[in-house]
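Student: Sharing work.txt here; it has compact mmCIF, C-alpha atoms.
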```
# COMPACT_ATOMS: atom_id res chain seq x y z
CA MET A 149 73.03 -121.37 26.62
CA ILE A 150 69.83 -121.98 24.69
CA GLU A 151 67.93 -122.11 27.98
CA ALA A 152 69.08 -118.64 29.01
CA HIS A 153 67.54 -116.72 26.11
CA PHE A 154 65.18 -119.21 24.50
CA ILE A 155 61.84 -120.44 25.71
CA SER A 156 60.42 -123.75 24.64
CA ALA A 157 57.60 -123.39 22.10
CA LYS A 158 55.60 -125.84 24.20
CA THR A 159 55.79 -123.53 27.22
CA ILE A 160 54.74 -120.61 25.03
CA CYS A 161 51.74 -122.54 23.71
CA THR A 162 50.62 -123.51 27.21
CA GLN A 163 51.13 -120.00 28.50
CA TYR A 164 49.17 -118.25 25.76
CA GLY A 165 46.66 -121.01 25.12
CA ILE A 166 47.66 -121.37 21.48
CA GLU A 167 48.27 -124.39 19.27
CA ILE A 168 51.74 -125.32 18.06
CA SER A 169 50.30 -125.26 14.52
CA PHE A 170 49.59 -121.54 15.03
CA VAL A 171 53.23 -120.97 16.01
CA HIS A 172 54.31 -122.74 12.82
CA GLU A 173 51.91 -120.55 10.85
CA LEU A 174 53.58 -117.46 12.34
CA VAL A 175 56.95 -118.87 11.28
CA GLU A 176 55.63 -119.41 7.74
CA PHE A 177 54.51 -115.78 7.61
CA GLY A 178 57.96 -114.72 8.74
CA LEU A 179 56.48 -113.08 11.83
CA ILE A 180 58.64 -115.07 14.26
CA THR A 181 61.50 -117.52 13.97
CA LEU A 182 62.14 -120.78 15.79
CA GLU A 183 65.39 -122.37 16.88
CA PHE A 184 65.67 -126.12 17.23
CA GLN A 185 67.66 -128.16 19.67
CA GLU A 186 67.32 -131.93 19.74
CA GLU A 187 64.16 -131.55 17.66
CA GLU A 188 62.54 -129.29 20.22
CA ALA A 189 61.44 -125.86 19.06
CA PHE A 190 62.45 -122.73 20.98
CA ILE A 191 61.57 -119.06 20.66
CA HIS A 192 64.04 -116.33 21.52
CA GLN A 193 62.77 -114.21 24.40
CA ASP A 194 63.24 -111.02 22.35
CA GLN A 195 60.38 -112.24 20.15
CA ILE A 196 57.90 -112.64 22.99
CA GLY A 197 56.93 -108.98 22.73
CA ASP A 198 56.09 -109.42 19.05
CA LEU A 199 54.17 -112.60 19.76
CA GLU A 200 52.05 -110.83 22.40
CA LYS A 201 51.46 -107.98 19.95
CA ILE A 202 50.31 -110.45 17.27
CA LEU A 203 47.86 -112.03 19.72
CA ARG A 204 46.52 -108.64 20.79
CA LEU A 205 46.04 -107.45 17.22
CA GLN A 206 44.32 -110.67 16.32
CA GLN A 207 41.98 -110.65 19.28
CA ASP A 208 41.31 -106.94 19.65
CA LEU A 209 40.97 -106.04 15.99
CA ASN A 210 40.07 -109.35 14.44
CA LEU A 211 42.98 -109.15 12.02
CA ASN A 212 44.34 -112.05 10.03
CA LEU A 213 48.04 -112.82 9.75
CA GLU A 214 48.38 -111.12 6.34
CA ALA A 215 47.11 -107.87 7.84
CA ILE A 216 49.39 -108.24 10.87
CA ASP A 217 52.37 -108.80 8.57
CA VAL A 218 51.49 -105.59 6.68
CA ILE A 219 51.18 -103.72 10.00
CA PHE A 220 54.55 -104.97 11.22
CA ASN A 221 56.19 -103.83 7.98
CA LEU A 222 54.56 -100.42 8.21
CA LEU A 223 55.53 -100.05 11.87
CA ARG A 224 59.14 -100.84 10.97
CA LYS A 225 59.01 -98.17 8.25
CA GLU A 226 57.45 -95.70 10.69
CA LYS A 227 60.22 -96.38 13.21
CA ALA A 228 62.90 -95.77 10.58
CA LEU A 229 61.21 -92.54 9.48
CA LYS A 230 60.91 -91.35 13.09
CA GLU A 231 64.61 -91.94 13.59
CA GLU A 232 65.39 -90.02 10.41
CA LEU A 233 63.09 -87.22 11.54
CA ALA A 234 64.94 -86.99 14.86
CA ILE A 235 68.27 -86.70 13.03
CA LEU A 236 66.91 -84.01 10.71
CA ARG A 237 65.33 -82.14 13.61
CA ASN A 238 68.68 -82.12 15.41
CA ARG A 239 70.38 -80.87 12.26
CA LEU A 240 67.78 -78.14 11.86
CA LYS A 241 68.81 -76.73 15.26
CA LEU A 242 72.03 -75.59 13.57
CA TYR A 243 70.07 -72.99 11.65
CA GLU A 244 67.75 -71.84 14.41
CA MET B 155 34.00 -86.37 38.60
CA ALA B 156 32.34 -85.64 35.27
CA TYR B 157 29.67 -87.65 33.49
CA ILE B 158 31.00 -89.42 30.40
CA ASP B 159 28.79 -89.75 27.36
CA TYR B 160 29.81 -93.20 26.13
CA TYR B 161 27.55 -92.95 23.08
CA LYS B 162 29.37 -89.81 22.04
CA THR B 163 32.73 -91.50 22.65
CA LEU B 164 31.82 -94.23 20.17
CA GLY B 165 29.99 -91.77 17.88
CA ILE B 166 26.70 -93.69 17.91
CA PRO B 167 23.08 -92.77 18.75
CA LYS B 168 21.45 -93.94 21.95
CA THR B 169 19.32 -96.28 19.88
CA ALA B 170 22.35 -98.13 18.47
CA THR B 171 22.06 -101.89 18.14
CA GLU B 172 24.64 -104.31 19.55
CA LYS B 173 26.10 -104.74 16.08
CA GLU B 174 26.37 -100.97 15.59
CA ILE B 175 28.17 -100.67 18.94
CA LYS B 176 30.56 -103.45 18.01
CA ASP B 177 31.24 -101.97 14.57
CA ALA B 178 31.84 -98.48 15.99
CA TYR B 179 34.19 -99.87 18.64
CA ARG B 180 36.15 -101.94 16.13
CA LYS B 181 36.48 -98.99 13.74
CA LEU B 182 37.83 -96.71 16.46
CA ALA B 183 40.01 -99.46 17.94
CA ARG B 184 41.65 -99.94 14.55
CA LYS B 185 42.50 -96.26 14.58
CA TYR B 186 43.68 -95.84 18.16
CA HIS B 187 44.99 -99.27 19.19
CA PRO B 188 48.24 -98.73 21.19
CA ASP B 189 50.07 -101.39 19.17
CA LEU B 190 49.37 -99.38 16.03
CA ASN B 191 50.33 -96.10 17.67
CA PRO B 192 53.56 -96.68 19.55
CA ASP B 193 54.67 -93.81 21.82
CA ASN B 194 51.44 -91.94 21.16
CA LYS B 195 49.97 -90.96 24.53
CA GLU B 196 46.97 -89.30 22.91
CA ALA B 197 46.02 -92.47 21.03
CA GLU B 198 46.56 -94.52 24.18
CA SER B 199 44.21 -92.37 26.21
CA LYS B 200 41.64 -92.32 23.38
CA PHE B 201 41.84 -96.12 23.21
CA LYS B 202 41.16 -96.34 26.93
CA GLU B 203 38.11 -94.11 26.48
CA ILE B 204 36.63 -96.15 23.64
CA ASN B 205 37.46 -99.38 25.44
CA GLU B 206 35.62 -98.17 28.52
CA ALA B 207 32.64 -97.05 26.43
CA ASN B 208 32.56 -100.47 24.81
CA GLU B 209 32.80 -102.24 28.18
CA VAL B 210 29.65 -100.45 29.23
CA LEU B 211 27.58 -100.34 26.06
CA SER B 212 28.31 -103.84 24.77
CA ASN B 213 27.21 -105.35 28.05
CA PRO B 214 23.36 -105.31 28.21
CA GLU B 215 23.25 -105.06 31.99
CA ASN B 216 25.82 -102.29 32.22
CA ARG B 217 24.18 -100.43 29.34
CA LYS B 218 20.79 -100.64 31.03
CA LYS B 219 22.23 -99.26 34.25
CA TYR B 220 24.11 -96.54 32.39
CA ASP B 221 21.05 -95.51 30.36
CA LYS B 222 18.98 -95.29 33.49
CA TYR B 223 21.43 -93.69 35.89
CA GLY B 224 24.30 -92.48 33.74
CA GLU B 225 23.74 -88.79 34.14
CA ASN B 226 22.80 -89.28 37.77
CA TRP B 227 25.61 -91.66 38.49
CA LYS B 228 25.49 -90.92 42.19
CA HIS B 229 22.32 -92.93 42.41
CA GLY B 230 24.12 -95.99 41.06
CA GLU B 231 24.37 -97.45 44.53
CA GLU B 232 20.62 -97.31 45.00
CA PHE B 233 20.26 -99.16 41.74
CA GLU B 234 22.67 -101.84 42.97
CA LYS B 235 20.62 -102.28 46.16
CA ALA B 236 17.39 -102.56 44.22
CA GLN B 237 19.00 -105.11 41.90
CA LYS B 238 20.21 -107.19 44.84
CA GLN B 239 16.80 -107.18 46.43
CA ARG B 240 15.21 -108.30 43.20
CA GLN B 241 17.73 -111.10 42.87
CA GLN B 242 17.13 -112.27 46.43
CA GLN B 243 13.40 -112.19 45.97
CA SER B 244 13.52 -114.36 42.89
CA GLN B 245 16.19 -116.59 44.51
CA TYR B 246 18.23 -116.22 41.39
CA SER B 247 21.71 -117.49 41.93
CA GLY B 248 23.34 -115.85 38.93
CA GLN B 249 26.89 -114.65 39.14
CA GLY B 250 27.10 -111.03 40.12
CA GLY B 251 29.55 -109.13 37.98
CA PHE B 252 32.17 -110.76 35.87
CA SER B 253 35.36 -112.59 36.41
CA GLY B 254 38.42 -110.49 36.96
CA GLN B 255 40.24 -108.94 34.11
CA GLN B 256 43.77 -109.65 33.12
CA GLY B 257 46.27 -107.22 31.78
CA PHE B 258 44.02 -104.23 32.00
CA SER B 259 44.30 -102.59 35.35
CA GLY B 260 41.76 -100.54 37.22
CA GLU B 261 43.81 -97.47 36.47
CA ASP B 262 42.69 -97.79 32.88
CA TYR B 263 39.15 -96.90 33.83
CA SER B 264 37.80 -93.47 34.63
CA ASP B 265 36.56 -92.54 38.10
CA PHE B 266 33.12 -92.26 36.59
CA PHE B 267 33.25 -95.89 35.46
CA GLU B 268 34.62 -97.12 38.78
CA SER B 269 31.94 -95.21 40.63
CA MET B 270 29.09 -96.66 38.56
CA PHE B 271 30.27 -100.18 37.96
CA GLY B 272 33.20 -100.84 40.25
CA ALA B 273 35.59 -103.70 39.52
CA GLY B 274 32.70 -106.03 38.77
CA GLY B 275 31.73 -103.91 35.80
CA ARG B 276 34.85 -104.82 33.93
CA ARG B 277 34.82 -107.80 31.71
CA THR B 278 36.77 -109.29 28.91
CA SER B 279 34.78 -108.19 25.92
CA GLY B 280 36.63 -105.28 24.39
CA ARG B 281 40.34 -105.34 24.66
CA SER B 282 41.80 -108.78 24.61
CA HIS B 283 43.02 -110.19 27.85
CA SER B 284 45.44 -112.71 26.55
CA PRO B 285 47.48 -114.16 29.38
CA LYS B 286 50.69 -112.27 29.86
CA PHE B 287 54.04 -113.94 30.03
CA LYS B 288 56.61 -111.28 29.32
CA GLY B 289 56.78 -108.44 31.82
CA GLN B 290 55.67 -104.97 30.84
CA ASP B 291 58.10 -102.76 28.93
CA TYR B 292 58.75 -99.46 30.67
CA HIS B 293 59.40 -96.22 28.83
CA ALA B 294 61.19 -93.33 30.47
CA GLU B 295 62.69 -90.02 29.42
CA LEU B 296 65.95 -88.76 30.80
CA HIS B 297 66.54 -85.03 30.48
CA LEU B 298 70.16 -83.99 30.35
CA ASP B 299 72.18 -81.00 29.30
CA LEU B 300 74.71 -81.12 26.47
CA LYS B 301 77.44 -80.58 29.07
CA ASP B 302 76.34 -83.73 30.91
CA VAL B 303 76.83 -85.99 27.91
CA TYR B 304 80.28 -84.66 27.00
CA THR B 305 81.73 -87.25 29.35
CA THR B 306 80.61 -90.79 30.19
CA GLN B 307 78.75 -90.78 33.44
CA LYS B 308 77.05 -93.14 35.81
CA GLN B 309 73.60 -92.42 37.16
CA VAL B 310 71.24 -94.28 39.42
CA LEU B 311 67.66 -94.07 38.17
CA THR B 312 64.61 -95.05 40.12
CA VAL B 313 62.03 -96.64 37.86
CA ASN B 314 58.92 -97.99 39.57
CA ASP B 315 60.72 -98.09 42.95
CA LYS B 316 63.57 -100.08 41.46
CA LYS B 317 67.06 -98.62 41.42
CA ILE B 318 68.88 -99.04 38.15
CA ARG B 319 72.56 -98.24 37.70
CA LEU B 320 73.02 -96.71 34.31
CA THR B 321 76.18 -95.84 32.43
CA ILE B 322 75.50 -93.09 29.94
CA PRO B 323 78.20 -93.17 27.28
CA ALA B 324 79.57 -89.80 26.22
CA GLY B 325 78.21 -88.55 22.91
CA VAL B 326 74.66 -89.81 23.30
CA GLU B 327 72.33 -88.02 20.83
CA ASN B 328 69.23 -85.99 21.51
CA GLU B 329 66.13 -88.27 21.24
CA GLN B 330 68.33 -91.37 21.19
CA LEU B 331 66.58 -94.43 22.56
CA ILE B 332 68.42 -97.10 24.49
CA LYS B 333 67.04 -100.42 25.64
CA ILE B 334 68.02 -101.86 28.99
CA LYS B 335 67.17 -105.50 28.79
CA GLY B 336 65.21 -107.12 31.56
CA ASN B 337 64.74 -103.94 33.61
CA GLY B 338 61.05 -103.55 32.85
CA GLY B 339 58.22 -105.20 34.71
CA GLU B 340 58.61 -108.69 36.12
CA GLY B 341 57.56 -111.56 33.88
CA TYR B 342 54.49 -113.62 34.69
CA ASN B 343 54.61 -117.34 35.44
CA GLY B 344 58.33 -117.58 34.80
CA GLY B 345 58.23 -115.43 31.67
CA PRO B 346 61.04 -113.02 30.82
CA ASN B 347 61.10 -109.56 32.35
CA GLY B 348 60.08 -106.60 30.23
CA ASP B 349 62.68 -104.12 29.02
CA LEU B 350 63.32 -100.54 29.99
CA TYR B 351 63.50 -98.02 27.16
CA ILE B 352 65.14 -94.72 27.93
CA LYS B 353 64.85 -91.77 25.60
CA PHE B 354 67.46 -89.07 26.08
CA ILE B 355 66.24 -85.52 25.76
CA ILE B 356 69.28 -83.31 25.58
CA SER B 357 68.90 -79.60 25.92
CA ASN B 358 71.62 -77.24 24.89
CA GLN B 359 72.37 -74.19 27.05
CA THR B 360 75.81 -73.65 25.58
CA TYR B 361 77.04 -71.37 22.80
CA PHE B 362 77.89 -74.41 20.72
CA LYS B 363 75.60 -75.98 18.18
CA ARG B 364 75.84 -79.70 17.66
CA GLU B 365 75.33 -81.84 14.62
CA GLY B 366 76.28 -85.43 15.25
CA ASN B 367 79.84 -85.38 16.56
CA ASN B 368 80.66 -81.94 15.20
CA LEU B 369 80.28 -78.72 17.11
CA TYR B 370 79.73 -75.31 15.54
CA LYS B 371 80.39 -71.88 16.96
CA ASP B 372 80.55 -68.29 15.70
CA VAL B 373 83.62 -66.33 16.75
CA ASP B 374 83.80 -62.53 16.67
CA LEU B 375 86.88 -61.17 14.94
CA ASP B 376 87.82 -57.51 15.05
CA LEU B 377 88.43 -55.82 11.72
CA TYR B 378 92.13 -55.22 12.33
CA THR B 379 92.93 -58.86 13.18
CA SER B 380 90.92 -60.00 10.18
CA ILE B 381 92.96 -57.71 7.92
CA LEU B 382 96.37 -57.94 9.49
CA GLY B 383 96.14 -61.42 11.03
CA GLY B 384 97.12 -62.25 14.58
CA GLU B 385 96.34 -64.56 17.47
CA ILE B 386 93.05 -65.01 19.26
CA LEU B 387 91.90 -67.08 22.22
CA VAL B 388 88.89 -69.26 21.45
CA ASP B 389 86.59 -71.24 23.77
CA THR B 390 86.26 -74.92 22.90
CA PHE B 391 83.99 -77.31 24.79
CA ASP B 392 86.74 -78.32 27.18
CA GLY B 393 88.84 -75.18 27.48
CA LYS B 394 90.48 -72.35 25.59
CA VAL B 395 92.82 -72.68 22.63
CA LYS B 396 95.10 -70.13 20.98
CA LEU B 397 94.43 -69.71 17.29
CA LYS B 398 96.42 -68.06 14.54
CA VAL B 399 94.34 -65.84 12.24
CA GLN B 400 95.64 -65.48 8.71
CA PRO B 401 95.97 -61.92 7.33
CA GLU B 402 93.07 -60.84 5.08
CA THR B 403 90.66 -63.29 6.60
CA LYS B 404 87.20 -62.77 5.07
CA ASN B 405 83.96 -62.50 6.98
CA HIS B 406 82.23 -65.92 7.51
CA THR B 407 85.47 -67.83 6.98
CA LYS B 408 85.21 -71.28 8.52
CA VAL B 409 88.03 -72.87 10.48
CA LYS B 410 87.98 -76.53 11.46
CA LEU B 411 89.62 -77.60 14.72
CA LYS B 412 90.09 -81.33 14.33
CA GLY B 413 89.19 -83.47 17.30
CA LYS B 414 87.79 -80.54 19.29
CA GLY B 415 84.16 -81.48 18.70
CA PHE B 416 81.89 -83.84 20.60
CA PRO B 417 82.88 -87.35 21.72
CA VAL B 418 81.89 -90.13 19.32
CA TYR B 419 79.26 -92.38 20.93
CA LYS B 420 80.79 -95.56 22.36
CA LYS B 421 84.19 -94.86 20.77
CA GLU B 422 86.39 -93.79 23.61
CA GLY B 423 88.99 -91.18 22.77
CA GLU B 424 87.40 -90.30 19.40
CA PHE B 425 86.02 -86.83 18.89
CA GLY B 426 84.32 -84.91 16.11
CA ASP B 427 85.50 -81.50 14.92
CA LEU B 428 84.81 -77.97 16.07
CA ILE B 429 83.91 -75.68 13.20
CA LEU B 430 84.34 -71.99 13.89
CA THR B 431 82.82 -69.28 11.73
CA TYR B 432 84.47 -65.87 11.94
CA GLN B 433 82.14 -62.92 12.27
CA VAL B 434 84.14 -59.83 11.42
CA LYS B 435 83.04 -56.89 13.55
CA ILE B 436 83.12 -53.45 11.95
CA PRO B 437 84.22 -50.76 14.42
CA THR B 438 81.61 -48.15 15.34
CA ASN B 439 81.73 -44.68 16.95
CA LEU B 440 84.87 -43.79 15.04
CA SER B 441 86.87 -40.82 16.21
CA ALA B 442 87.76 -38.03 13.80
CA LYS B 443 91.31 -39.31 13.62
CA GLU B 444 90.14 -42.85 12.81
CA LYS B 445 87.84 -41.55 10.09
CA GLU B 446 90.71 -39.56 8.64
CA LEU B 447 92.93 -42.62 8.55
CA PHE B 448 90.20 -44.70 6.92
CA GLN B 449 89.78 -41.95 4.29
CA GLU B 450 93.49 -42.18 3.67
CA LEU B 451 93.27 -45.95 3.30
CA LYS B 452 90.38 -45.48 0.89
CA LYS B 453 92.39 -43.06 -1.21
CA LEU B 454 95.33 -45.46 -1.26
CA ARG B 455 93.05 -48.26 -2.41
CA HIS B 456 91.63 -46.07 -5.24
CA HIS B 457 95.12 -45.15 -6.43
CA ASP B 458 96.02 -48.87 -6.89
```
Would you kindly transcribe this structure into structure tokens?
Tutor:
Amino acid sequence: MIEAHFISAKTICTQYGIEISFVHELVEFGLITLEFQEEEAFIHQDQIGDLEKILRLQQDLNLNLEAIDVIFNLLRKEKALKEELAILRNRLKLYE
Amino acid sequence: MAYIDYYKTLGIPKTATEKEIKDAYRKLARKYHPDLNPDNKEAESKFKEINEANEVLSNPENRKKYDKYGENWKHGEEFEKAQKQRQQQSQYSGQGGFSGQQGFSGEDYSDFFESMFGAGGRRTSGRSHSPKFKGQDYHAELHLDLKDVYTTQKQVLTVNDKKIRLTIPAGVENEQLIKIKGNGGEGYNGGPNGDLYIKFIISNQTYFKREGNNLYKDVDLDLYTSILGGEILVDTFDGKVKLKVQPETKNHTKVKLKGKGFPVYKKEGEFGDLILTYQVKIPTNLSAKEKELFQELKKLRHHD
């Protein structure tokens, strides 16, 4: 089952040209989580999008992990506010 | 095809140093980067513009060519020929152009850029070209009418030439986003496929107003029924219902019809309520007889 949704951290490192220590750093920052099976680390495929985003932000904008963590938190807040805005906008249609 | 002033795009003078170009690009990239502006087409297109400007101006050879021929881009080919000749004469075996880009397709460049620099003009300086593993996420909008989402329905969508069978549960909300896992672009080198995100845009051409699972509607009530009570026939979303009106019903009285509202999303058989607001209509163009009778009613009321 783990194979279906999880990708080995080793494969990820090879694919993106990153060190396993960097992956552990991301885990420490709470930016991604790892699952272990027989001492091998795996990443859930739903987190690959976030990982790619982290790499882009780091390379394109020269941001450190603290800044990326702040951005992720703000983006989550923005998403929640957008959803609330959509609900309020729909409610407003009652009075139009 | 219009000339693009790359200096203006980055907001720098023509005399800008490499560091000034880099700083200007970074500053704008921090503002318009697509990862920082999700679902913002304007920012995405602005980012492409500044990225293109950076591709040209941060590359000494491209910048030289642009400065010399930019406004007369049509002569770019002549420049290329002259360059080639010079290279042959000096037997210089340098690599022409740059290695191919990854993750940033030709479509991301303007016609002006393609015309002046072609594919060889692109390089990996500006936007990162980290190897991709997960396939691209697709975003689509599906426009439906309120009537369409009253019942669960199946639709076949074509996204990027791929047919996707989609079950749209009844009660989906306007602007609701659903994720269809693995239906985005194909993954690279065995990576997972991207996801498909569908945003529902639901227009409402009906007389009902919707808030969540509840529906709202104004119902006209003639003066006599509002005073004396009676029975009326009211339209609900799925047919007509007979309704008893209490005597002496006031204007703007609200009546709740339980379970006659909109289906609850992903809860089969559950419905919201229909809330009716009575709008009492005052009769107009009264006949002499009617006026007389109203006068009589008025007198009776004053005697009480």
Student: Show me, as a list in words, the residues of chain A whose atoms get within 6 Å of chain B, using only C-alpha atoms for the distance check.
Tutor: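 Residues satisfying the distance criterion: Tyr164, Gln207, Asp208, Arg239 and Leu242 of chain A.
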Student: Nearest residue to Asn208 of chain B out of B:Tyr157, B:Phe267, B:Tyr351, B:Tyr223, using all atoms listed in the file?
Tutor: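 Of B:Tyr157, B:Phe267, B:Tyr351, B:Tyr223, the one nearest Asn208 of chain B is B:Phe267, counting all atoms listed in the file.
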Student: Would you mind telling me which residue in B:Tyr220, B:Tyr292, B:Tyr432, B:Tyr186 lies nearest to Glu340 of chain B when using all atoms listed in the file?
Tutor: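 Closest residue, counting all atoms listed in the file: B:Tyr292.
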Student: So how many Å separate atom CA of Gly341 of chain B and atom CA of Gln193 of chain A, to one decimal?
Tutor: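 Taking atom CA of Gly341 of chain B as the start and atom CA of Gln193 of chain A as the end point, the length is 11.1 Å.
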Student: What would the list of residues within 9 Å of (58.2, -114.5, 16.7) (file frame) look like as a ChimeraX atom specification, if only C-alpha atoms are what count?
Tutor: /A:171,174-175,178-182,191-199,202
Student: Could you tell me how far atom CA of Asn221 of chain A lies from atom CA of Lys158 of chain A, in Å and to one decimal?
Tutor: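 Computed distance, atom CA of Asn221 of chain A to atom CA of Lys158 of chain A, equals 27.3 Å.
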Student: Counting only C-alpha atoms, which residue out of A:Ser156, A:Gln163, A:Asn210, A:Ser169 sits closest to Phe190 of chain A?
Tutor: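 Nearest to Phe190 of chain A: A:Ser156.
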Student: Select, from A:Leu205, A:Ile155, A:Ile168, A:Leu213, the residue with the minimum atom-to-atom distance to Gln185 of chain A, counting only C-alpha atoms.
Tutor: A:Ile155
Student: Can you measure atom CA of Val388 of chain B to atom CA of Pro401 of chain B for me? One decimal in Å is fine.
Tutor: 17.4 Å
Student: I need every residue sitting at most 7 Å from the point (81.8, -80.0, 25.6) (coordinates as in the file, only C-alpha atoms considered), written as a list in words.
Tutor: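 Residues with an atom at most 7 Å from (81.8, -80.0, 25.6): Lys301, Tyr304, Phe391, Asp392 and Phe416 of chain B.
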Student: Restricting it to C-alpha atoms, dump the selection as an mmCIF file, keeping the file's coordinate frame.
Tutor:
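Output saved as part_15.cif:
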```cif
data_model
loop_
_atom_site.group_PDB
_atom_site.id
_atom_site.type_symbol
_atom_site.label_atom_id
_atom_site.label_comp_id
_atom_site.auth_asym_id
_atom_site.auth_seq_id
_atom_site.Cartn_x
_atom_site.Cartn_y
_atom_site.Cartn_z
ATOM 1 C CA LYS B 301 77.440 -80.580 29.070
ATOM 2 C CA TYR B 304 80.280 -84.660 27.000
ATOM 3 C CA PHE B 391 83.990 -77.310 24.790
ATOM 4 C CA ASP B 392 86.740 -78.320 27.180
ATOM 5 C CA PHE B 416 81.890 -83.840 20.600
#
```
Student: So, with all atoms listed in the file as the atoms that count, which of A:Tyr243, A:Phe220, A:Phe170, A:Phe154 lies closest to Glu188 of chain A?
Tutor: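 Residue with the minimum atom-to-atom distance to Glu188 of chain A: A:Phe154.
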Student: Excluding same-chain residues fewer than 2 positions from segment 429-431 of chain B, what lies within 7 Å of it counting all atoms listed in the file, as a ChimeraX atom specification?
Tutor: /B:369-373,406-411,427,433
